[in-house]
Amino acid sequence: MKRYDILIVDDEQRYATMLANRLTLRGLTCQVRYDGRTAIDIVETDFFAWVILDLRLPDCYGVEVLTQIKAISPETKVIILTGHGTEQDRKQCLALGAHAFVNKPLDIGRMIAIMEQDKA
Amino acid sequence: MDKLKANLKSLYPHFHRQSDEHLNPYYTFQDYRQIWGVGIFFLMATALMPLIAMTLICYQLVNQSIDTESLLRAERLASNSRRAVTFFLEERLAALTFTVNEMGYERLTDPSRLEEVLRNLKLGFGGLTDLSVIDDSGTQVAYAGPFNLEGKDYSRQPWFIECQRHNACVSEIFSGYRDVPHIVVAVKSMQPEGRFFVLRATLETERLIQTLSSYKTGEHTDIFLTNREGVMQTPSRFYEGKLNRLTIPLPTYSDHTEALIASDPQGQPIVMGYAFIDTKIAPTSFVLMVVKKKAGMMKVWLDLRSNINWLLIVSAVVIALVVFLTSSFMVNKMFDADREKARTMVAAEQNCQLASIGQLAAGVAHEINNPLALINETAGYVKDLFTIKEQYRDDPELIEHIDSIIETVERCGTITRQLLGFSRRFDVQIQPINLEKMVSDVINFHKKEAEYRDIAIHVDIPATVPLIETDRGKLQQIILNLVSNAFQATDNGGRLAIRADLNGTEHVRLTIRDNGCGISEEHLNKIFEPFFTTKKEGKGTGLGLSITYGLVKKLHGDITVQSKQGKGTTFVVTLPIHTEKGFNA
């Protein structure tokens with residue numbers, strides 16, 4: 001089982017790659033997946049400290065992925081990163097164990113702050 | 001009182017004052033005056049026609065019955081007077097007949113006996129002036145009475161000739177030798193030797209005239225006798241002309257009493273009853289005439305007709321008034337309902353526009369957010385490359401450009417989030433809110449700015465304003481938006497007033513008034529539309545008021561605005577005091 005810092009799950013490939021690049025530049029190890037199925041697959045084989053998860057995925061809704069990830073790997077912390085999150089989504093995700101709920105466009109400084117805060 | 005005033009007002013037609021032309025396409029009927037006019041016309045026609053028809057029929061019937069009735073009355077009067085005249089003459093003829101037959105020639109020619117007979121007849125009948133006995137040669141042989149005309153020859157007198165032919169005679173009224181109007185009645189009696197003699201009596205006409213007069217009824221009735229040539233026999237009030245001639249045409253002979261309608265010399269209609277008088281014993285030349293002026297008999301009818309006319313006029317006026325008021329009331333109500341409908345349609349159209357703009361905005365927000373996020377990350381990554389790899393770290397111009405991109409993206413991101421907020425359906429959490437507390441919380445946000453800009457804030461929320469059940473967050477945002485707006489519109493040293501009061505029993509009205517720059521009339525009806533802003537580019541999104549509008553609607557409230565350019569703006573938010581829990585706005 002490999003250990004990574006972050007798994008990025010987002011159907012917009014260029015966005016996910018760009019975000020991974022930025023995080024990699026900051027010394028974090030990243031994996032990228034573009035749909036819910038493969039994301040769950042990799043969580044089953046490898047360990048991720050953080051998952052950055054979009055709610056709108058081509059094959060399923062992000063909330064289902066969140067539930068499954070928390071079931072497979074409860075220690076993994078999930079940050080929901082979405083462009084269209086409603087208040088209702090936020091509440092639901094937090095109730096299901098999401099660590100934070102962040103809207104796009106992302107302020108990367110804030111993301112890092114969330115992670116740093118948790119570490120400390 | 002006000003209700004009464006309103007009701008009275010609704011009786012007066014106000015539907016032709018159409019000032020709000022933008023409503024016109026939504027009216028069901030375009031010409032309410034025409035509807036009103038046609039309605040009044042038909043109602044009046046149906047109400048008044050039978051009334052007028054009835055009146056005319058009544059006129060005709062009464063006219064007919066008056067004719068019939070007056071003919072009948074004239075005929076009856078003529079018949080009665082005829083009987084009286086006939087009886088007057090027959091009675092006297094019978095008395096003379098009795099006397100000649102009873103007394104015989106010998107005894108009657110004895111002057112003292114004749115005097116006695118005259119006395120007795122005067123006692124019995126009255127009205128006799130004298131008696132005389134005339135032999136068959138026409139010579140008077142005996143006389144009793146005031147004028148002794150013994151030996152006078154009557155053989156050429158028409159009555160004597162008449163008497164020879166029929167056994168008795170009645171003369172016309174004439175003045176004779178004495179110039180006193182009188183009638184001569186005479187009866188012939190046969191003597192055994194085949195000769196005859198005549199007993200003649202002179203009758204005063206006074207009695208006959210009195211008898212006729214006693215039948216006169218009313219002002220316009222005239223009863224008199226003429227002979228068959230139209231020469232007056234007794235005086236007439238109205239129809240006696242020159243040389244004692246009758247001025248109206250003499251009717252043709254009939255053996256019955258008759259009545260007819262004719263005209264007098266002035267052309268006025270008269271009703272005439274007449275009878276040609278004959279006694280059983282002797283014929284006469286008298287014609288009895290009863291003449292009534294129709295105008296006199298019409299008086300009762302004319303009175304009645306004037307009453308009917310008044311009734312007709314009053315009814316027509318009352319009907320016209322009622323029809324006018326009812327029509328005005330109905331058409332007013334119809335017009336009001338139609339106008340209300342048209343207003344609702346216009347409002348619905350506006351709401352619909354706003355809603356569709358909201359949906360469009362949401363779609364745009366969704367579609368733009370992803371590219372924005374990508375631009376953000378790409379720019380971020382480029383920046384990362386420059387800053388983290390140290391190679392370009394010292395080129396501040398590049399960093400500045402990239403920061404500018406990221407900043408712009410951030411601003412766009414704010415817009416998309418607001419757009420989403422505008423269109424999205426949020427759960428509403430209902431809780432009791434103290435409006436005064438909430439307003440003072442909101443004011444606190446702006447306290448520093450108000451002090452700095454010297455803006456006076458007056459809050460007047462009386463204790464009578466109850467707690468209102470509504471969503472705290474939304475209400476806070478509404479007040480915040482409106483207060484921020486007011487601050488932006490107000491110059492330094494300006495004034496802001498926030499008031500609340502009860503509007504009816506079910507609503508609270510919150511008024512936020514500033515004395516700032518105001519909104520021009522052309523902008524006023526657009527200010528709730530998304531993206532509408534008068535601020536400089538980049539300074540405002542144009543979403544603040546449209547979001548506020550959406551929030552107020554979600555709280556089942558209403559928001560209106562009044563403004564005068566240069567004087568200030570007033571926003572009025574009306575919110576229900578009670579809101580059902582669990583409703584989904």
# chains A, B, ... in the order shown; residues from 1 in each chain; ligands from 1
call {"tool": "select_by_dssp", "arguments": {"residues": "segment 3-119 of chain A", "states": "helix (DSSP H, G or I)", "output": "number ranges by chain"}}
result
A: 13-25, 36-45, 62-72, 87-95, 108-119
call {"tool": "residues_around", "arguments": {"residues": "Tyr34 of chain A", "least_positions_apart": "2", "cutoff": "7 Å", "atoms": "only C-alpha atoms", "output": "list in words"}}
result
Val9, Asp10, Asp11, Gln13 and Val32 of chain A
call {"tool": "write_last_selection", "arguments": {"atoms": "C-alpha atoms", "output": "PDB file, in the first residue's frame"}}
result
ATOM      1  CA  VAL A   9     -11.009  13.837  -7.835  1.00  0.00           C
ATOM      2  CA  ASP A  10     -12.439  16.217 -10.477  1.00  0.00           C
ATOM      3  CA  ASP A  11     -13.992  15.601 -13.887  1.00  0.00           C
ATOM      4  CA  GLN A  13      -8.947  17.067 -16.199  1.00  0.00           C
ATOM      5  CA  VAL A  32      -5.442  12.577  -9.795  1.00  0.00           C
TER       6      VAL A  32
END
call {"tool": "closest_atom_pairs", "arguments": {"of": "chain A", "to": "chain B", "cutoff": "9 Å", "atoms": "only C-alpha atoms", "output": "Markdown table"}}
result
| residue | atom | partner | partner_atom | distance |
| --- | --- | --- | --- | --- |
| A:Glu12 | CA | B:Asn370 | CA | 8.3 |
| A:Arg14 | CA | B:Leu374 | CA | 7.3 |
| A:Tyr15 | CA | B:Leu374 | CA | 5.2 |
| A:Ala16 | CA | B:Leu374 | CA | 8.8 |
| A:Met18 | CA | B:Glu377 | CA | 6.1 |
| A:Leu19 | CA | B:Glu377 | CA | 6.2 |
| A:Asn21 | CA | B:Tyr381 | CA | 7.0 |
| A:Arg22 | CA | B:Tyr381 | CA | 5.3 |
| A:Leu25 | CA | B:Ile388 | CA | 7.2 |
| A:Arg26 | CA | B:Ile388 | CA | 8.0 |
| A:Gly83 | CA | B:Asn369 | CA | 6.2 |
| A:His84 | CA | B:His366 | CA | 6.8 |
| A:Thr86 | CA | B:Arg424 | CA | 8.1 |
| A:Glu87 | CA | B:Phe426 | CA | 7.4 |
| A:Gln88 | CA | B:Phe426 | CA | 7.8 |
| A:Asn103 | CA | B:Arg417 | CA | 8.9 |
| A:Lys104 | CA | B:Ala373 | CA | 5.7 |
| A:Pro105 | CA | B:Ala373 | CA | 4.2 |
| A:Leu106 | CA | B:Ala373 | CA | 6.8 |
| A:Asp107 | CA | B:Asn376 | CA | 8.5 |
| A:Ile108 | CA | B:Gly380 | CA | 8.1 |
call {"tool": "residues_around", "arguments": {"residues": "Ile114 of chain A", "least_positions_apart": "5", "cutoff": "9 Å", "atoms": "only C-alpha atoms", "output": "ChimeraX atom specification"}}
result
/A:100,109,119
call {"tool": "closest_residue", "arguments": {"among": "B:Val85, B:Ile134, B:Ile547, B:Ala497", "to": "Ile415 of chain B", "atoms": "only C-alpha atoms"}}
result
B:Ile547
call {"tool": "residues_around", "arguments": {"residues": "Ala49 of chain A", "least_positions_apart": "2", "cutoff": "9 Å", "atoms": "only C-alpha atoms", "output": "number ranges by chain"}}
result
A: 3-7, 47, 51, 75-78
call {"tool": "atom_distance", "arguments": {"atom1": "atom CA of Arg411 of chain B", "atom2": "atom CA of Ser484 of chain B"}}
result
18.8 Å
call {"tool": "closest_residue", "arguments": {"among": "B:Leu77, B:Ile399, B:Val133, B:Ile319", "to": "Met289 of chain B", "atoms": "only C-alpha atoms"}}
result
B:Leu77
call {"tool": "select_by_dssp", "arguments": {"residues": "segment 129-312 of chain B", "states": "strand (DSSP E or B)", "output": "JSON, numbers by chain"}}
result
{"B": [129, 130, 131, 132, 133, 134, 135, 139, 140, 141, 142, 143, 144, 153, 168, 169, 170, 174, 182, 183, 184, 185, 186, 187, 188, 189, 190, 196, 197, 198, 199, 200, 201, 202, 203, 204, 221, 222, 223, 224, 225, 226, 227, 231, 232, 240, 245, 246, 258, 259, 260, 261, 262, 263, 269, 270, 271, 272, 273, 274, 275, 276, 277, 278, 283, 284, 285, 286, 287, 288, 289, 290, 291, 292, 293]}
call {"tool": "residues_around", "arguments": {"residues": "Thr67 of chain A", "least_positions_apart": "5", "cutoff": "10 Å", "atoms": "only C-alpha atoms", "output": "list in words"}}
result
Gly62, Ile72, Pro74, Cys93, Leu96, Gly97 and Ala98 of chain A
call {"tool": "atom_distance", "arguments": {"atom1": "atom CA of Val561 of chain B", "atom2": "atom CA of Asp336 of chain B"}}
result
24.2 Å
call {"tool": "closest_residue", "arguments": {"among": "A:Gln92, A:Thr38, A:Gln117, A:Thr17", "to": "Pro58 of chain A", "atoms": "only C-alpha atoms"}}
result
A:Thr38
call {"tool": "residues_around", "arguments": {"residues": "segment 250-265 of chain B", "least_positions_apart": "6", "cutoff": "9 Å", "atoms": "only C-alpha atoms", "output": "list in words"}}
result
Asp67, Leu71, Leu72, Arg73, Ala74, Glu75, Arg76, Ala78, Ser79, Arg82, Arg228, Glu229, Gly230, Tyr239, Val271, Met272, Gly273, Tyr274, Ala275, Phe276, Ile277, Asp278, Val290, Lys293 and Lys294 of chain B
call {"tool": "write_last_selection", "arguments": {"atoms": "C-alpha atoms", "output": "PDB file, in the first residue's frame"}}
result
ATOM      1  CA  ASP B  67    -116.999  59.507 -25.673  1.00  0.00           C
ATOM      2  CA  LEU B  71    -123.011  60.218 -25.440  1.00  0.00           C
ATOM      3  CA  LEU B  72    -124.870  57.988 -23.036  1.00  0.00           C
ATOM      4  CA  ARG B  73    -125.279  60.758 -20.519  1.00  0.00           C
ATOM      5  CA  ALA B  74    -126.400  63.294 -23.118  1.00  0.00           C
ATOM      6  CA  GLU B  75    -128.897  60.794 -24.449  1.00  0.00           C
ATOM      7  CA  ARG B  76    -130.222  59.989 -20.999  1.00  0.00           C
ATOM      8  CA  ALA B  78    -132.310  64.353 -23.416  1.00  0.00           C
ATOM      9  CA  SER B  79    -134.603  61.413 -22.837  1.00  0.00           C
ATOM     10  CA  ARG B  82    -138.123  65.003 -23.302  1.00  0.00           C
ATOM     11  CA  ARG B 228    -137.932  72.137 -36.582  1.00  0.00           C
ATOM     12  CA  GLU B 229    -136.592  75.080 -38.564  1.00  0.00           C
ATOM     13  CA  GLY B 230    -133.970  75.886 -35.948  1.00  0.00           C
ATOM     14  CA  TYR B 239    -126.158  78.625 -28.956  1.00  0.00           C
ATOM     15  CA  VAL B 271    -121.904  66.271 -27.310  1.00  0.00           C
ATOM     16  CA  MET B 272    -125.477  66.745 -28.417  1.00  0.00           C
ATOM     17  CA  GLY B 273    -128.542  64.810 -27.247  1.00  0.00           C
ATOM     18  CA  TYR B 274    -131.828  65.587 -28.973  1.00  0.00           C
ATOM     19  CA  ALA B 275    -135.415  64.462 -29.306  1.00  0.00           C
ATOM     20  CA  PHE B 276    -138.268  65.511 -31.648  1.00  0.00           C
ATOM     21  CA  ILE B 277    -141.183  65.970 -29.280  1.00  0.00           C
ATOM     22  CA  ASP B 278    -144.635  64.633 -30.026  1.00  0.00           C
ATOM     23  CA  VAL B 290    -129.204  68.945 -24.755  1.00  0.00           C
ATOM     24  CA  LYS B 293    -119.224  71.027 -24.175  1.00  0.00           C
ATOM     25  CA  LYS B 294    -116.874  68.115 -24.385  1.00  0.00           C
TER      26      LYS B 294
END
call {"tool": "residues_around", "arguments": {"residues": "Gly516 of chain B", "least_positions_apart": "5", "cutoff": "6 Å", "atoms": "only C-alpha atoms", "output": "list in words"}}
result
Ala489, Thr490 and Gly568 of chain B
call {"tool": "atom_distance", "arguments": {"atom1": "atom CA of Leu48 of chain B", "atom2": "atom CA of Lys333 of chain B"}}
result
25.3 Å
call {"tool": "closest_residue", "arguments": {"among": "A:Leu81, A:Val63, A:Met111, A:Ile69", "to": "Asp46 of chain A", "atoms": "only C-alpha atoms"}}
result
A:Ile69
